[in-house]
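Student: Following this message is one structure expressed as structure tokens.
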Amino acid sequence: MSTDVLVLNRNFYAVHITPWQRALSLVYLDHARVVDEEYRTYNFDDWRELSQMTANHPGGYVSTPSFRIAIPEVISLRSYDKLPVGDVKFTRRNIYEHYGYHCCYCGRKFGTQELNLEHVLPRSRGGRTDWSNIVTSCMPCNLRKADKLPVEAGMKLLIKPSKPKWRGSASLVFRAPFKIKASWQRFIDTVYWNTELEP
């Protein structure tokens with residue numbers, strides 16, 4: 001059984017990903033509607049009735065003593081029309097993504113097994129573990145720099161440490177640490193094509 005449900009705002013932009021239990025609760029409380037591939041929406045009673053008429057559903061079913069109901073794959077909130085505001089989380093995955101899997105010293109691209117997280121100002125000298133002081137570094141560059149400042153090691157940072165910008169729901173969806181379902185694709189494509197680009 002698949003457990004994640006894509007949540008759209010009322011304008012059909014992806015804003016969140018939630019467990020199926022929460023999604024069904026929102027639909028039951030009439031705070032959200034189930035959305036199908038043709039953008040048709042269903043309230044709880046309509047979705048329950050439709051569930052009785054379908055033999056198979058990609059998301060699976062939940063059974064109660066009196067009925068079974070399909071687990072929705074996409075729901076749309078009835079009143080929320082904003083896009084989420086937030087920060088890109090400071091995680092290993094997001095750091096690698098932010099620097100494009102490149103060593104910030106030699107500029108070459110590597111796989112995750114060949115990259116380290118590197119403190120520009122070493123921790124032994126008070127360097128912090130945050131966006132302003134962490135870059136990705138290949139193992140040879142990391143060993144060469146060791147516990148020195150880049151200038152002391154005769155090295156130059158080709159890519160300076162920086163914090164990535166939040167890109168609205170595109171950040172939410174495209175950096176998701178799980179497989180994107182086929183049923184989500186059209187809504188993700190909407191986000192991709194309609195997200196404002198930076199100047």
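In the structure tokens, the first chain shown is A, the next is B, and so on; residue numbers restart at 1 for each chain, and ligands run from 1 in the order shown.
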Find the spatial neighbours of Asp36 (chain A), counting only C-alpha atoms, within a cut-off of 9 Å - ignore same-chain residues fewer than 6 positions away - and output them as a CSV table (one decimal) with C-alpha atoms, in the first residue's frame.

Tutor:
chain,number,residue,atom,x,y,z
A,42,TYR,CA,-14.9,14.2,-5.3
A,72,PRO,CA,-6.5,8.9,-2.9
A,73,GLU,CA,-3.2,9.7,-4.6
A,74,VAL,CA,-4.0,13.4,-5.0
A,75,ILE,CA,-6.2,15.7,-3.0
A,183,SER,CA,-0.4,10.1,-11.0

Student: When DSSP works through the backbone of this structure, what residues of region 48-129 of chain A end up as helix (DSSP H, G or I), shown as a ChimeraX atom specification?

Tutor: /A:48-53,92-98,112-114,123-125

Student: Pick out the closest residue to Ala153 (chain A) from this set: A:Leu29, A:Asn11, A:Ser124, A:Tyr105. Count only C-alpha atoms.

Tutor: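 Comparing A:Leu29, A:Asn11, A:Ser124, A:Tyr105 against Ala153 (chain A), the winner is A:Tyr105.
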
Student: May I ask which of the residues A:Glu118, A:Leu8, A:Lys156, A:Thr18 is the closest one to Tyr39 (chain A), counting only C-alpha atoms?

Tutor: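 Between A:Glu118, A:Leu8, A:Lys156, A:Thr18, the residue approaching Tyr39 (chain A) most closely is A:Leu8.
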
Student: Pick from A:Thr64, A:Ser132, A:Asn9, A:Ser25: nearest to Val120 (chain A), with only C-alpha atoms counted?

Tutor: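 Among the listed residues, A:Ser132 lies closest to Val120 (chain A).
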
Student: Neighbouring residues of Arg40 (chain A) were defined as those with any atom within 12 Å, considering only C-alpha atoms; residues of the same chain fewer than 5 positions away were excluded. Please report them as a VMD selection string.

Tutor: chain A and resid 12 33 to 35 46 to 47 74 to 76

Student: Kindly export the residues of the current selection with C-alpha atoms, as a PDB file, in the first residue's frame.

Tutor:
ATOM      1  CA  PHE A  12      -4.131  22.817  -8.216  1.00  0.00           C
ATOM      2  CA  ARG A  33     -11.489  16.893  -2.208  1.00  0.00           C
ATOM      3  CA  VAL A  34      -9.998  13.906  -4.001  1.00  0.00           C
ATOM      4  CA  VAL A  35      -8.642  14.819  -7.454  1.00  0.00           C
ATOM      5  CA  ASP A  46     -18.759  10.568  -3.835  1.00  0.00           C
ATOM      6  CA  TRP A  47     -15.276   9.066  -3.433  1.00  0.00           C
ATOM      7  CA  VAL A  74      -3.957  13.441  -4.989  1.00  0.00           C
ATOM      8  CA  ILE A  75      -6.200  15.746  -2.954  1.00  0.00           C
ATOM      9  CA  SER A  76      -6.965  19.444  -3.292  1.00  0.00           C
TER      10      SER A  76
END

Student: May I have the residues within 12 Å of Met139 (chain A) as a PyMOL selection string, using only C-alpha atoms and disregarding those fewer than 3 positions away in the same chain?

Tutor: chain A and resi 102-106+108+110-118+136+142-146

Student: Could you save those same residues with C-alpha atoms as a PDB file, in the first residue's frame?

Tutor:
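What ended up in selection_22.pdb:
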ATOM      1  CA  HIS A 102      30.736  19.182  -7.606  1.00  0.00           C
ATOM      2  CA  CYS A 103      33.858  19.600  -5.517  1.00  0.00           C
ATOM      3  CA  CYS A 104      33.906  23.298  -4.647  1.00  0.00           C
ATOM      4  CA  TYR A 105      37.727  23.309  -4.816  1.00  0.00           C
ATOM      5  CA  CYS A 106      38.621  21.471  -8.038  1.00  0.00           C
ATOM      6  CA  ARG A 108      34.867  18.327 -10.877  1.00  0.00           C
ATOM      7  CA  PHE A 110      31.547  13.231  -8.301  1.00  0.00           C
ATOM      8  CA  GLY A 111      29.173  10.623  -6.966  1.00  0.00           C
ATOM      9  CA  THR A 112      28.031  10.916  -3.374  1.00  0.00           C
ATOM     10  CA  GLN A 113      30.477   8.215  -2.264  1.00  0.00           C
ATOM     11  CA  GLU A 114      33.398  10.367  -3.449  1.00  0.00           C
ATOM     12  CA  LEU A 115      32.240  13.636  -1.846  1.00  0.00           C
ATOM     13  CA  ASN A 116      32.600  14.945   1.691  1.00  0.00           C
ATOM     14  CA  LEU A 117      31.000  17.846   3.483  1.00  0.00           C
ATOM     15  CA  GLU A 118      33.812  20.290   4.139  1.00  0.00           C
ATOM     16  CA  THR A 136      31.173  19.763  -0.925  1.00  0.00           C
ATOM     17  CA  ASN A 142      39.516  17.380   1.478  1.00  0.00           C
ATOM     18  CA  LEU A 143      42.743  15.624   2.518  1.00  0.00           C
ATOM     19  CA  ARG A 144      44.889  18.386   1.007  1.00  0.00           C
ATOM     20  CA  LYS A 145      43.030  21.141   2.828  1.00  0.00           C
ATOM     21  CA  ALA A 146      42.856  19.162   6.081  1.00  0.00           C
TER      22      ALA A 146
END

Student: Could you list, as an MDAnalysis selection string, every residue within 8 Å of Tyr61 (chain A), counting only C-alpha atoms and ignoring same-chain residues fewer than 5 positions away?

Tutor: chainID A and resid 1 68:71

Student: Go ahead and save the residues from that selection, with N, CA and C atoms, as a compact mmCIF listing (two decimals), in the first residue's frame.

Tutor:
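What ended up in part.txt:
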# COMPACT_ATOMS: atom_id res chain seq x y z
N MET A 1 0.85 -1.19 0.00
CA MET A 1 0.00 0.00 0.00
C MET A 1 0.88 1.24 0.00
N ARG A 68 -15.43 -0.17 1.98
CA ARG A 68 -14.01 0.04 1.68
C ARG A 68 -13.90 1.31 0.85
N ILE A 69 -12.77 1.99 1.00
CA ILE A 69 -12.58 3.24 0.28
C ILE A 69 -11.16 3.27 -0.27
N ALA A 70 -11.04 3.76 -1.49
CA ALA A 70 -9.73 3.85 -2.14
C ALA A 70 -8.90 4.95 -1.49
N ILE A 71 -7.61 4.68 -1.35
CA ILE A 71 -6.70 5.71 -0.83
C ILE A 71 -6.40 6.67 -1.97

Student: May I ask for the distance between CA of Ser79 (chain A) and CA of Thr54 (chain A), given in Å to one decimal place?

Tutor: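 We find that CA of Ser79 (chain A) and CA of Thr54 (chain A) lie 28.9 Å from each other.
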
Student: Please provide as a PyMOL selection string all residues within 10 Å of Tyr28 (chain A), with the sequence filter that same-chain residues fewer than 5 positions apart are discarded (counting only C-alpha atoms).

Tutor: chain A and resi 22-23+33+43-45+47

Student: I need the residues of region 26-137 of chain A that end up classed as strand (DSSP E or B) by DSSP on the backbone, written out as a list in words.

Tutor: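 Matching residues for strand (DSSP E or B) in region 26-137 of chain A are Ala32, Arg33, Val34, Val35, Thr41, Tyr42, Tyr61, Val62, Ser63, Arg68, Ile69, Ala70, Val74, Ile75, Ser76, Leu77, His102, Lys109, Leu115, Asn116, Leu117, Glu118, His119, Ile134, Val135, Thr136 and Ser137 of chain A.
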
Student: Generate the output file for the selected residues, C-alpha atoms, as a PDB file, in the first residue's frame.

Tutor:
ATOM      1  CA  ALA A  32     -10.227  18.757   0.836  1.00  0.00           C
ATOM      2  CA  ARG A  33     -11.489  16.893  -2.208  1.00  0.00           C
ATOM      3  CA  VAL A  34      -9.998  13.906  -4.001  1.00  0.00           C
ATOM      4  CA  VAL A  35      -8.642  14.819  -7.454  1.00  0.00           C
ATOM      5  CA  THR A  41     -12.956  16.440  -7.672  1.00  0.00           C
ATOM      6  CA  TYR A  42     -14.876  14.234  -5.256  1.00  0.00           C
ATOM      7  CA  TYR A  61      -7.943   0.483  -0.251  1.00  0.00           C
ATOM      8  CA  VAL A  62      -8.830   0.903   3.396  1.00  0.00           C
ATOM      9  CA  SER A  63     -11.590  -1.340   4.724  1.00  0.00           C
ATOM     10  CA  ARG A  68     -14.013   0.045   1.685  1.00  0.00           C
ATOM     11  CA  ILE A  69     -12.575   3.241   0.281  1.00  0.00           C
ATOM     12  CA  ALA A  70      -9.728   3.850  -2.142  1.00  0.00           C
ATOM     13  CA  VAL A  74      -3.957  13.441  -4.989  1.00  0.00           C
ATOM     14  CA  ILE A  75      -6.200  15.746  -2.954  1.00  0.00           C
ATOM     15  CA  SER A  76      -6.965  19.444  -3.292  1.00  0.00           C
ATOM     16  CA  LEU A  77      -7.558  21.749  -0.332  1.00  0.00           C
ATOM     17  CA  HIS A 102      30.736  19.182  -7.606  1.00  0.00           C
ATOM     18  CA  LYS A 109      31.629  16.357 -10.496  1.00  0.00           C
ATOM     19  CA  LEU A 115      32.240  13.636  -1.846  1.00  0.00           C
ATOM     20  CA  ASN A 116      32.600  14.945   1.691  1.00  0.00           C
ATOM     21  CA  LEU A 117      31.000  17.846   3.483  1.00  0.00           C
ATOM     22  CA  GLU A 118      33.812  20.290   4.139  1.00  0.00           C
ATOM     23  CA  HIS A 119      34.077  23.122   6.672  1.00  0.00           C
ATOM     24  CA  ILE A 134      29.844  24.031   4.468  1.00  0.00           C
ATOM     25  CA  VAL A 135      30.717  23.069   0.883  1.00  0.00           C
ATOM     26  CA  THR A 136      31.173  19.763  -0.925  1.00  0.00           C
ATOM     27  CA  SER A 137      34.692  18.525  -1.498  1.00  0.00           C
TER      28      SER A 137
END
